[in-house]
Structures are given as C-alpha cells and as structure tokens.
file upload22.pdb (PDB, C-alpha atoms)
ATOM      1  CA  MET A 154     145.889  16.944  14.400
ATOM      2  CA  GLY A 155     146.560  15.899  18.010
ATOM      3  CA  LYS A 156     146.442  12.342  19.219
ATOM      4  CA  THR A 157     143.314  12.805  21.310
ATOM      5  CA  VAL A 158     141.482  15.043  18.877
ATOM      6  CA  VAL A 159     138.756  12.453  18.142
ATOM      7  CA  ALA A 160     138.637  11.016  21.654
ATOM      8  CA  GLN A 161     137.705  14.319  23.250
ATOM      9  CA  TRP A 162     134.563  14.516  21.106
ATOM     10  CA  ALA A 163     133.720  10.800  21.034
ATOM     11  CA  GLY A 164     131.044   8.956  22.952
ATOM     12  CA  PRO A 165     131.464   6.419  25.775
ATOM     13  CA  ASP A 166     132.429   3.760  23.224
ATOM     14  CA  GLY A 167     135.381   5.865  22.067
ATOM     15  CA  PHE A 168     133.939   6.512  18.599
ATOM     16  CA  PHE A 169     132.586   9.669  17.010
ATOM     17  CA  GLY A 170     129.459   8.567  15.172
ATOM     18  CA  ILE A 171     127.709  10.276  12.267
ATOM     19  CA  ARG A 172     124.354   9.097  10.901
ATOM     20  CA  LEU A 173     123.066  10.418   7.588
ATOM     21  CA  GLU A 174     119.299  10.093   7.102
ATOM     22  CA  SER A 175     118.149  10.411   3.511
ATOM     23  CA  ILE A 176     116.269   8.936   0.581
ATOM     24  CA  GLY A 177     117.686   7.314  -2.528
ATOM     25  CA  GLY A 178     118.849   9.864  -5.085
ATOM     26  CA  LEU A 179     120.223  12.535  -2.735
ATOM     27  CA  GLY A 180     123.709  11.061  -2.467
ATOM     28  CA  ALA A 181     123.909  10.151   1.238
ATOM     29  CA  ASN A 182     125.827   6.934   0.570
ATOM     30  CA  LEU A 183     128.483   8.795  -1.420
ATOM     31  CA  ALA A 184     128.617  11.521   1.230
ATOM     32  CA  GLY A 185     129.329   8.944   3.933
ATOM     33  CA  GLN A 186     131.993   7.355   1.777
ATOM     34  CA  MET A 187     133.720  10.697   1.208
ATOM     35  CA  LEU A 188     133.587  11.545   4.922
ATOM     36  CA  ALA A 189     135.372   8.307   5.804
ATOM     37  CA  GLU A 190     137.923   8.716   2.993
ATOM     38  CA  ALA A 191     138.752  12.266   4.055
ATOM     39  CA  GLY A 192     139.505  11.135   7.611
ATOM     40  CA  VAL A 193     141.485   8.035   6.650
ATOM     41  CA  LEU A 194     143.426   9.190   3.595
ATOM     42  CA  HIS A 195     144.085  12.806   4.511
ATOM     43  CA  GLN A 196     144.020  13.004   8.317
ATOM     44  CA  GLY A 197     145.466   9.707   9.485
ATOM     45  CA  LEU A 198     142.306   8.740  11.354
ATOM     46  CA  ASN A 199     140.605   5.381  11.347
ATOM     47  CA  ALA A 200     137.031   5.224  10.051
ATOM     48  CA  SER A 201     134.372   2.816   8.875
ATOM     49  CA  HIS A 202     131.403   3.489   6.626
ATOM     50  CA  PHE A 203     128.422   1.517   5.451
ATOM     51  CA  SER A 204     124.873   2.270   4.385
ATOM     52  CA  SER A 205     121.533   0.628   4.996
ATOM     53  CA  TYR A 206     118.816   0.741   2.378
ATOM     54  CA  GLY A 207     116.056  -1.351   0.906
ATOM     55  CA  SER A 208     115.275  -1.563  -2.781
ATOM     56  CA  GLU A 209     118.102   0.757  -3.926
ATOM     57  CA  LYS A 210     115.840   3.078  -5.852
ATOM     58  CA  LYS A 211     115.038   6.766  -5.767
ATOM     59  CA  GLY A 212     112.752   7.858  -2.982
ATOM     60  CA  THR A 213     113.306   4.933  -0.617
ATOM     61  CA  PRO A 214     114.853   5.494   2.846
ATOM     62  CA  VAL A 215     118.642   5.385   3.183
ATOM     63  CA  LYS A 216     120.776   5.489   6.331
ATOM     64  CA  SER A 217     124.524   5.996   6.064
ATOM     65  CA  PHE A 218     126.781   5.399   9.071
ATOM     66  CA  VAL A 219     130.318   6.707   9.678
ATOM     67  CA  ARG A 220     132.499   5.962  12.723
ATOM     68  CA  PHE A 221     135.751   7.788  13.494
ATOM     69  CA  CYS A 222     138.522   7.064  15.983
ATOM     70  CA  GLU A 223     142.259   7.584  16.370
ATOM     71  CA  GLY A 224     144.434   6.029  13.690
ATOM     72  CA  GLU A 225     146.096   3.519  16.003
ATOM     73  CA  ARG A 226     142.788   2.062  17.171
ATOM     74  CA  ASP A 227     140.941  -0.696  15.341
ATOM     75  CA  ILE A 228     137.248  -0.504  14.519
ATOM     76  CA  ARG A 229     135.656  -3.902  15.029
ATOM     77  CA  VAL A 230     132.068  -2.698  15.274
ATOM     78  CA  THR A 231     129.818  -3.070  12.243
ATOM     79  CA  SER A 232     126.421  -2.380  13.786
ATOM     80  CA  PRO A 233     124.244   0.681  13.002
ATOM     81  CA  ILE A 234     124.991   3.806  15.029
ATOM     82  CA  ASP A 235     122.183   4.236  17.562
ATOM     83  CA  ALA A 236     123.676   7.148  19.533
ATOM     84  CA  PRO A 237     125.537   9.361  17.040
ATOM     85  CA  GLN A 238     127.206  12.669  17.822
ATOM     86  CA  VAL A 239     125.821  14.094  14.551
ATOM     87  CA  ILE A 240     122.579  13.315  12.722
ATOM     88  CA  ALA A 241     122.240  14.908   9.285
ATOM     89  CA  VAL A 242     118.782  14.729   7.699
ATOM     90  CA  PHE A 243     118.972  15.243   3.933
ATOM     91  CA  HIS A 244     115.195  15.453   3.464
ATOM     92  CA  GLU A 245     113.073  17.614   5.774
ATOM     93  CA  ALA A 246     110.021  15.328   5.713
ATOM     94  CA  LEU A 247     112.094  12.541   7.277
ATOM     95  CA  ALA A 248     112.773  14.671  10.347
ATOM     96  CA  HIS A 249     109.154  14.275  11.431
ATOM     97  CA  THR A 250     109.625  10.497  11.800
ATOM     98  CA  PRO A 251     110.705   9.758  15.388
ATOM     99  CA  SER A 252     113.185   7.050  14.400
ATOM    100  CA  THR A 253     115.053   9.495  12.150
ATOM    101  CA  ILE A 254     116.186  11.751  14.975
ATOM    102  CA  ALA A 255     116.243   9.072  17.660
ATOM    103  CA  GLY A 256     119.222   8.537  19.903
ATOM    104  CA  LEU A 257     121.231  11.717  19.369
ATOM    105  CA  ALA A 258     124.038  11.643  21.925
ATOM    106  CA  PRO A 259     124.181  14.278  24.681
ATOM    107  CA  GLY A 260     125.866  17.360  23.274
ATOM    108  CA  GLY A 261     125.253  16.158  19.721
ATOM    109  CA  THR A 262     124.020  18.114  16.723
ATOM    110  CA  LEU A 263     120.920  17.598  14.569
ATOM    111  CA  ILE A 264     121.306  19.055  11.057
ATOM    112  CA  VAL A 265     118.288  19.291   8.750
ATOM    113  CA  ASN A 266     118.039  20.359   5.115
ATOM    114  CA  THR A 267     115.269  22.959   5.405
ATOM    115  CA  THR A 268     114.476  26.613   4.858
ATOM    116  CA  ALA A 269     113.199  26.874   8.433
ATOM    117  CA  SER A 270     115.218  28.460  11.228
ATOM    118  CA  PRO A 271     116.488  26.350  14.140
ATOM    119  CA  ASP A 272     113.758  27.841  16.352
ATOM    120  CA  GLU A 273     111.034  26.986  13.829
ATOM    121  CA  LEU A 274     112.352  23.461  13.356
ATOM    122  CA  ARG A 275     112.633  22.899  17.082
ATOM    123  CA  GLU A 276     108.987  23.908  17.523
ATOM    124  CA  ARG A 277     107.790  21.716  14.643
ATOM    125  CA  LEU A 278     109.580  18.653  15.983
ATOM    126  CA  GLY A 279     108.760  19.306  19.614
ATOM    127  CA  LEU A 280     112.393  19.149  20.710
ATOM    128  CA  THR A 281     113.286  20.097  24.254
ATOM    129  CA  ALA A 282     117.061  20.446  24.234
ATOM    130  CA  GLY A 283     120.139  19.898  22.098
ATOM    131  CA  THR A 284     121.922  21.628  19.232
ATOM    132  CA  VAL A 285     119.757  22.174  16.165
ATOM    133  CA  ALA A 286     121.248  23.321  12.862
ATOM    134  CA  THR A 287     119.407  24.120   9.643
ATOM    135  CA  LEU A 288     120.665  24.585   6.111
ATOM    136  CA  ASP A 289     118.949  25.240   2.790
ATOM    137  CA  ALA A 290     121.046  22.552   1.117
ATOM    138  CA  LEU A 291     118.549  22.115  -1.716
ATOM    139  CA  GLY A 292     118.623  25.825  -2.534
ATOM    140  CA  ILE A 293     122.419  25.823  -2.595
ATOM    141  CA  ALA A 294     122.486  22.744  -4.829
ATOM    142  CA  VAL A 295     120.039  24.300  -7.290
ATOM    143  CA  GLU A 296     122.054  27.528  -7.499
ATOM    144  CA  GLU A 297     125.380  25.724  -7.925
ATOM    145  CA  LYS A 298     123.904  23.049 -10.235
ATOM    146  CA  THR A 299     125.141  20.258  -7.953
ATOM    147  CA  ARG A 300     123.484  17.921  -5.442
ATOM    148  CA  VAL A 301     122.326  18.156  -1.881
ATOM    149  CA  ASN A 302     124.995  15.813  -0.537
ATOM    150  CA  THR A 303     128.025  18.117  -0.847
ATOM    151  CA  ALA A 304     126.149  20.977   0.843
ATOM    152  CA  MET A 305     125.240  18.645   3.710
ATOM    153  CA  LEU A 306     128.866  17.508   3.857
ATOM    154  CA  GLY A 307     129.830  21.103   4.579
ATOM    155  CA  ALA A 308     127.380  21.228   7.470
ATOM    156  CA  VAL A 309     128.556  17.877   8.869
ATOM    157  CA  VAL A 310     132.227  18.863   8.732
ATOM    158  CA  GLY A 311     131.317  22.115  10.465
ATOM    159  CA  ALA A 312     129.654  20.124  13.260
ATOM    160  CA  SER A 313     132.591  17.689  13.613
ATOM    161  CA  PRO A 314     135.425  19.705  15.195
ATOM    162  CA  PHE A 315     138.223  17.284  14.321
ATOM    163  CA  LEU A 316     137.436  17.054  10.584
ATOM    164  CA  ASP A 317     139.647  19.224   8.397
ATOM    165  CA  PRO A 318     137.780  21.187   5.671
ATOM    166  CA  ASP A 319     140.855  21.077   3.414
ATOM    167  CA  ALA A 320     140.894  17.274   3.663
ATOM    168  CA  MET A 321     137.246  17.201   2.644
ATOM    169  CA  ARG A 322     137.845  19.549  -0.281
ATOM    170  CA  GLU A 323     140.662  17.347  -1.530
ATOM    171  CA  THR A 324     138.469  14.251  -1.211
ATOM    172  CA  ILE A 325     135.675  15.937  -3.176
ATOM    173  CA  ARG A 326     138.160  16.925  -5.861
ATOM    174  CA  GLU A 327     139.505  13.363  -6.078
ATOM    175  CA  THR A 328     136.050  11.736  -6.040
ATOM    176  CA  PHE A 329     134.533  13.825  -8.809
ATOM    177  CA  GLY A 330     137.796  14.056 -10.722
ATOM    178  CA  ARG A 331     137.674  10.349 -11.466
ATOM    179  CA  ARG A 332     134.590  10.590 -13.651
ATOM    180  CA  HIS A 333     133.275  14.142 -13.773
ATOM    181  CA  PRO A 334     136.175  16.575 -13.265
ATOM    182  CA  GLU A 335     134.099  19.390 -14.755
ATOM    183  CA  VAL A 336     131.816  19.452 -11.688
ATOM    184  CA  ALA A 337     134.500  19.129  -9.004
ATOM    185  CA  GLU A 338     134.937  22.857  -8.369
ATOM    186  CA  ALA A 339     131.168  23.444  -8.295
ATOM    187  CA  ASN A 340     130.860  20.766  -5.609
ATOM    188  CA  ILE A 341     133.657  22.352  -3.590
ATOM    189  CA  ARG A 342     131.786  25.666  -3.737
ATOM    190  CA  THR A 343     128.665  23.816  -2.602
ATOM    191  CA  PHE A 344     130.622  22.291   0.283
ATOM    192  CA  ASP A 345     131.978  25.695   1.355
ATOM    193  CA  ARG A 346     128.523  27.245   1.246
ATOM    194  CA  GLY A 347     127.190  24.386   3.368
ATOM    195  CA  ARG A 348     129.767  25.220   6.052
ATOM    196  CA  ASP A 349     129.241  28.980   5.818
ATOM    197  CA  GLU A 350     125.447  29.203   5.545
ATOM    198  CA  ILE A 351     124.409  26.802   8.278
ATOM    199  CA  ALA A 352     122.362  28.287  11.140
ATOM    200  CA  ARG A 353     122.865  26.786  14.604
ATOM    201  CA  ALA A 354     121.168  27.182  17.955
ATOM    202  CA  ASP A 355     121.889  25.501  21.282
ATOM    203  CA  TYR A 356     119.020  24.639  23.599
ATOM    204  CA  PRO A 357     120.501  23.642  26.972
ATOM    205  CA  ALA A 358     118.579  21.664  29.555
ATOM    206  CA  ASP A 359     119.246  19.959  32.877
ATOM    207  CA  THR A 360     118.968  16.630  31.082
ATOM    208  CA  ALA A 361     120.476  16.344  27.617
ATOM    209  CA  TRP A 362     117.956  15.774  24.838
ATOM    210  CA  ARG A 363     117.928  12.113  23.836
ATOM    211  CA  PRO A 364     114.862  10.955  21.906
ATOM    212  CA  ALA A 365     113.830   7.359  22.452
ATOM    213  CA  LEU A 366     114.950   4.811  19.901
ATOM    214  CA  GLY A 367     112.452   3.619  17.319
ATOM    215  CA  THR A 368     110.042   0.725  17.736
ATOM    216  CA  PRO A 369     111.779  -2.648  17.217
ATOM    217  CA  PRO A 370     110.613  -4.969  14.428
ATOM    218  CA  ALA A 371     107.568  -7.124  15.143
ATOM    219  CA  TYR A 372     109.457 -10.318  14.236
ATOM    220  CA  GLY A 373     113.026 -11.589  14.104
ATOM    221  CA  TYR A 374     114.507 -14.578  12.323
ATOM    222  CA  LEU A 375     113.688 -16.823  15.287
ATOM    223  CA  ASP A 376     110.001 -16.006  15.610
ATOM    224  CA  ALA A 377     108.965 -15.017  12.076
ATOM    225  CA  PRO A 378     105.866 -16.906  10.821
ATOM    226  CA  ILE A 379     106.617 -20.026   8.821
ATOM    227  CA  GLY A 380     107.087 -19.437   5.138
ATOM    228  CA  GLY A 381     107.672 -15.726   5.651
ATOM    229  CA  ALA A 382     103.925 -15.000   5.778
ATOM    230  CA  LEU A 383     103.106 -11.390   6.639
ATOM    231  CA  LEU A 384     100.306 -11.528   9.184
ATOM    232  CA  GLU A 385     100.208  -7.730   9.465
ATOM    233  CA  PRO A 386     100.948  -6.525   5.928
ATOM    234  CA  GLY A 387     101.897  -2.935   5.299
ATOM    235  CA  ASN A 388      99.379  -0.595   3.784
ATOM    236  CA  SER A 389      99.046   2.954   2.501
ATOM    237  CA  ILE A 390      96.655   4.179   5.157
ATOM    238  CA  ALA A 391      98.812   7.267   5.743
ATOM    239  CA  LYS A 392      98.728   8.110   2.010
ATOM    240  CA  ASP A 393     101.907  10.127   2.423
ATOM    241  CA  LEU A 394     104.631   9.929  -0.217
ATOM    242  CA  SER A 395     106.184  13.270   0.736
ATOM    243  CA  THR A 396     109.350  11.591   2.000
ATOM    244  CA  SER A 397     109.970  10.192  -1.485
ATOM    245  CA  ARG A 398     110.018  13.628  -3.100
ATOM    246  CA  GLU A 399     113.346  15.358  -3.624
ATOM    247  CA  GLY A 400     112.077  18.851  -2.883
ATOM    248  CA  PHE A 401     110.108  19.605  -6.047
ATOM    249  CA  VAL A 402     106.504  18.977  -7.093
ATOM    250  CA  PRO A 403     104.384  19.645 -10.176
ATOM    251  CA  GLU A 404     101.915  22.515 -10.007
ATOM    252  CA  LEU A 405      98.814  22.534 -12.218
ATOM    253  CA  ILE A 406      97.875  25.863 -13.814
ATOM    254  CA  LEU A 407      94.295  25.127 -14.845
ATOM    255  CA  ASP A 408      93.970  28.187 -17.089
ATOM    256  CA  LYS A 409      96.559  26.668 -19.445
ATOM    257  CA  CYS A 410      95.263  23.088 -19.312
ATOM    258  CA  VAL A 411      93.554  21.639 -22.390
ATOM    259  CA  HIS A 412      92.722  18.356 -20.590
ATOM    260  CA  CYS A 413      94.500  16.265 -23.206
ATOM    261  CA  GLY A 414      95.512  13.527 -20.755
ATOM    262  CA  LEU A 415      99.187  13.309 -21.710
ATOM    263  CA  CYS A 416     100.157  13.863 -18.085
ATOM    264  CA  ASP A 417      97.965  10.992 -16.954
ATOM    265  CA  ILE A 418      99.535   8.617 -19.443
ATOM    266  CA  VAL A 419     103.032   9.106 -17.992
ATOM    267  CA  CYS A 420     102.091   9.432 -14.306
ATOM    268  CA  PRO A 421     103.340   6.284 -12.496
ATOM    269  CA  ASP A 422     101.293   6.975  -9.374
ATOM    270  CA  LEU A 423      97.859   7.790 -10.861
ATOM    271  CA  CYS A 424      97.636  10.845  -8.620
ATOM    272  CA  LEU A 425      95.850  13.098 -11.148
ATOM    273  CA  VAL A 426      92.195  13.772 -10.368
ATOM    274  CA  TRP A 427      89.663  13.799 -13.225
ATOM    275  CA  ASP A 428      85.918  14.401 -13.386
ATOM    276  CA  ASP A 429      83.223  13.679 -15.959
ATOM    277  CA  THR A 430      81.516  17.032 -16.595
ATOM    278  CA  PRO A 431      78.966  18.191 -19.204
ATOM    279  CA  GLU A 432      81.932  19.641 -21.135
ATOM    280  CA  GLY A 433      83.725  16.286 -21.100
ATOM    281  CA  ILE A 434      86.464  14.708 -18.966
ATOM    282  CA  ARG A 435      88.290  17.480 -17.117
ATOM    283  CA  LEU A 436      91.449  17.512 -14.978
ATOM    284  CA  LEU A 437      90.675  18.925 -11.539
ATOM    285  CA  GLY A 438      94.042  18.779  -9.821
ATOM    286  CA  ILE A 439      96.651  16.615  -8.130
ATOM    287  CA  ASP A 440      96.398  14.486  -5.002
ATOM    288  CA  TYR A 441      99.845  15.134  -3.534
ATOM    289  CA  ARG A 442      99.404  12.339  -0.984
ATOM    290  CA  TYR A 443     100.131   9.923  -3.824
ATOM    291  CA  CYS A 444     102.611  12.081  -5.788
ATOM    292  CA  LYS A 445     106.276  11.149  -5.421
ATOM    293  CA  GLY A 446     107.491  14.203  -7.314
ATOM    294  CA  CYS A 447     108.928  12.543 -10.423
ATOM    295  CA  ARG A 448     107.592  15.446 -12.583
ATOM    296  CA  LYS A 449     107.048  13.228 -15.619
ATOM    297  CA  CYS A 450     103.818  15.169 -16.102
ATOM    298  CA  VAL A 451     105.818  18.394 -16.414
ATOM    299  CA  ASP A 452     107.956  16.864 -19.173
ATOM    300  CA  ALA A 453     104.885  15.557 -21.030
ATOM    301  CA  CYS A 454     102.781  18.717 -20.854
ATOM    302  CA  THR A 455     102.785  20.663 -24.134
ATOM    303  CA  THR A 456     100.856  23.728 -22.951
ATOM    304  CA  GLY A 457     102.816  24.744 -19.857
ATOM    305  CA  ALA A 458      99.943  23.810 -17.563
ATOM    306  CA  MET A 459     102.217  21.552 -15.519
ATOM    307  CA  VAL A 460     105.218  23.383 -14.074
ATOM    308  CA  GLU A 461     107.929  22.383 -11.615
ATOM    309  CA  ILE A 462     108.082  24.299  -8.348
ATOM    310  CA  ARG A 463     110.058  23.905  -5.162
ATOM    311  CA  GLU A 464     107.936  22.338  -2.446
ATOM    312  CA  GLU A 465     107.552  24.513   0.627
ATOM    313  CA  PRO A 466     106.278  23.125   3.961
ATOM    314  CA  GLY A 467     102.488  22.810   3.926
ATOM    315  CA  TRP A 468     102.116  23.705   0.221
ATOM    316  CA  ALA A 469     101.146  20.207  -0.940
ATOM    317  CA  ASP A 470      98.548  19.786   1.803
ATOM    318  CA  ALA A 471      97.003  23.155   0.958
ATOM    319  CA  HIS A 472      96.785  22.446  -2.785
ATOM    320  CA  THR A 473      95.908  18.753  -2.901
ATOM    321  CA  VAL A 474      92.677  17.659  -4.598
ATOM    322  CA  PRO A 475      91.426  14.373  -3.072
ATOM    323  CA  LEU A 476      91.570  11.479  -5.492
ATOM    324  CA  PHE A 477      88.850   9.662  -3.560
ATOM    325  CA  ALA A 478      86.849  12.489  -2.068
ATOM    326  CA  GLU A 479      84.116  10.166  -0.854
ATOM    327  CA  VAL A 480      86.526   8.364   1.516
ATOM    328  CA  SER A 481      88.956  11.175   2.325
TER     329      SER A 481
END

call {"tool": "encode", "arguments": {"input": "upload22.pdb", "output": "structure tokens"}}
result
Amino acid sequence: MGKTVVAQWAGPDGFFGIRLESIGGLGANLAGQMLAEAGVLHQGLNASHFSSYGSEKKGTPVKSFVRFCEGERDIRVTSPIDAPQVIAVFHEALAHTPSTIAGLAPGGTLIVNTTASPDELRERLGLTAGTVATLDALGIAVEEKTRVNTAMLGAVVGASPFLDPDAMRETIRETFGRRHPEVAEANIRTFDRGRDEIARADYPADTAWRPALGTPPAYGYLDAPIGGALLEPGNSIAKDLSTSREGFVPELILDKCVHCGLCDIVCPDLCLVWDDTPEGIRLLGIDYRYCKGCRKCVDACTTGAMVEIREEPGWADAHTVPLFAEVS
C-alpha cells in the first residue's frame, strides 16, 4: 500500500471516516472493531474505533465510528464522525430517519441492507445525488447461517478503496478463531458475498448530495432543568417499533389458531389483538406497530398458527390489526 493511499480518499480533515448505523444484536460494534484491526494490524494504517449506544440491548440504536489515516499520523480526535466517506446502514428501517444518513461527504457512499435496488432506495429516501449501494445482507446471513455484520463488512471494504480484502479475511479468521473457530470460514464466505453481491449506482449532480445534520438535543449539561426533570418527556405517539426488528416478524395463520392464549402469555409487548365474541375470546391478529419481532409467540405456539417470516417492506403495515381501533 502506498504512502498516500488513505490521504487521496480522505476528507478535508485528513481522515477517511466510516459510520455504521445499526441496532443492538446485528453486530455493528464488532464490525467496526474488525475494520480498525484489519487496517492497523495487517495494513500498517492508523485507525480508531468506538461505538455509541444507549441501553446496550437488542433493538436499540447503535452507531459505530471508524477513522483511518496513514500509519505515521496520530489520531487525536475522539468525536463522532459527522461527515463520513461511507455510511453503512445495517437495518433498512433506520435509513428512513434523516439523522441516519445525514452528513455523507461529497463523493461518499451510502450502503443499506435491503432487497431494494439502488434506484428504488433512492426514490424511497428522496435522495438527489451521491453513490447509493444496496445489499441483501440479511438474506446472505440466513443462507450462510451467520450474521448481518460480516456481509456488511464486505460491502464496506468494497466501498473503501484502500482496504485490503485479504487483511479483512485474516481479521475475521482471527476474531472468530478465538472463540468460535467452527464459524470462521462461513463468515469469510459471508464477507466475500457481501463484496460480490452489492449493487451500486452513482447519481451525479452539480452540487454533491449532503443531507443536513440531525436536530441537536433540546438541552445540554449547562441548561438542563434542575434535578434532571424531563419537561418534554418522550412518548410512543409514532407507535413504530419496526427499527427494533431484526428482519423477521411473526405471521398469524388464523385457520390453525385454537385461541389458547399461549402466545399472549409470552409476548413482552402485548401486541396481540383479542376480541370477546359469542364463541368466546378470539385472537384477531397482531398490531405490528408494537411488535419488536422477538418471535416468542412463534416458539410458544403448539399448533403452527404463529410462524416466522422475513419482513418485506410494507408487509407489516398491510397486515397489522389495530390494538386500539377506536383511537387508531
């Protein structure tokens, strides 16, 4: 690798920035760690990595940041990456949140885990210009019996010209070899498929596409109300838990349902809709606005009425049964 190999792709600050947008459980933190290790340990680059997340549980938002520069340069910046050269979105529903795709640097690449084509995704998000790449990372992970993160790693390495695929393969082999050597080769196959199966499209414009940054917090540490009181508490007015789902949802097959209630006992979100009919209490369906896709109901069902299916765009909205129909 040449001395200026990172610099020629870096931003004005001299760093090549990568931001991974995900939810807990999809492995974005580990993916960022492996990206940095591959550059530092196998390519002689300098890199920093850290992640930002809240309650450290499945389904909650996660951002992972990776900076690269030449090996002889120090990295003294520890702030989030606001203008990355690559944004990789591990969960399609997150892409519809403006802050997720905000700040992509001119000439940068947006990668989204989706079955849609770049043209379809561009239309859905209302993008005007830039490089859009799509990859069915979830489908690859299911077929290879791995996780989404190594497929997305393949796409990210493909969008980062200075990163060596062999270095990434070796890092994957080392990472999984420490605890689960039996899955190392499957993850390398997943990585290779992520590089090979990505679809890219460039949309040039007179002015490079650069979405505005997200809305700043309402309060900081200097002007927060005394005692930490929340004067404008959060609420569930949007009733949208789709970003917490990992790509699968339960489907109710009413013909097989015996209305025993086992699914309702294990459901942590109370998203199952029941009605008192002349024949007794009957299950009507699922309100997917409240369903986080844990599929505990599928495990509990003894008749096969609850089955696991892959969630396609628009499917949940089309099949939801309102839990509170009178206020929906």

call {"tool": "closest_residue", "arguments": {"input": "upload22.pdb", "among": "A:Val301, A:Leu278, A:Val285, A:Ala339", "to": "Arg326 in chain A", "atoms": "only C-alpha atoms"}}
result
A:Ala339

call {"tool": "resolve_selection", "arguments": {"input": "upload22.pdb", "expression": "the PyMOL selection byres ((chain A and resi 442) around 7)", "output": "number ranges by chain"}}
result
A: 392-394, 440-441, 443-444

call {"tool": "resolve_selection", "arguments": {"input": "upload22.pdb", "expression": "the PyMOL selection byres ((chain A and resi 271-273) around 7)", "output": "PyMOL selection string"}}
result
chain A and resi 269-270+274-277+285-287+352-354

call {"tool": "closest_residue", "arguments": {"input": "upload22.pdb", "among": "A:Arg398, A:Lys216, A:His412, A:Arg346", "to": "Gly292 in chain A", "atoms": "all atoms listed in the file"}}
result
A:Arg346

call {"tool": "closest_residue", "arguments": {"input": "upload22.pdb", "among": "A:Glu174, A:Asp349, A:Asp166, A:Glu223", "to": "Gly192 in chain A", "atoms": "all atoms listed in the file"}}
result
A:Glu223

call {"tool": "closest_residue", "arguments": {"input": "upload22.pdb", "among": "A:Ile439, A:Asp317, A:Phe169, A:Lys409", "to": "Thr456 in chain A", "atoms": "all atoms listed in the file"}}
result
A:Lys409

call {"tool": "axis_aligned_box", "arguments": {"input": "upload22.pdb", "around": "range 288-298 of chain A", "padding_each_side": "3 Å", "output": "lines of an AutoDock Vina configuration file"}}
result
center_x = 122.0
center_y = 24.8
center_z = -2.1
size_x = 12.8
size_y = 11.4
size_z = 22.3

call {"tool": "closest_residue", "arguments": {"input": "upload22.pdb", "among": "A:Ile418, A:Ala469, A:Val230, A:Leu436", "to": "Cys450 in chain A", "atoms": "only C-alpha atoms"}}
result
A:Ile418

call {"tool": "atom_distance", "arguments": {"input": "upload22.pdb", "atom1": "CA of Leu179 in chain A", "atom2": "CA of Pro259 in chain A"}}
result
27.8 Å

call {"tool": "resolve_selection", "arguments": {"input": "upload22.pdb", "expression": "the PyMOL selection byres ((chain A and resi 305-310) around 9)", "output": "JSON, numbers by chain"}}
result
{"A": [171, 181, 184, 185, 187, 188, 239, 240, 241, 242, 243, 264, 265, 266, 286, 287, 288, 290, 301, 302, 303, 304, 311, 312, 313, 314, 315, 316, 317, 318, 321, 343, 344, 345, 346, 347, 348, 349, 350, 351]}

call {"tool": "closest_residue", "arguments": {"input": "upload22.pdb", "among": "A:Ser201, A:Thr299, A:Thr473, A:Thr328", "to": "Val402 in chain A", "atoms": "all atoms listed in the file"}}
result
A:Thr473

call {"tool": "atom_distance", "arguments": {"input": "upload22.pdb", "atom1": "CA of Thr250 in chain A", "atom2": "CA of Gly207 in chain A"}}
result
17.3 Å

call {"tool": "atom_distance", "arguments": {"input": "upload22.pdb", "atom1": "CA of Pro233 in chain A", "atom2": "CA of Asn182 in chain A"}}
result
14.0 Å
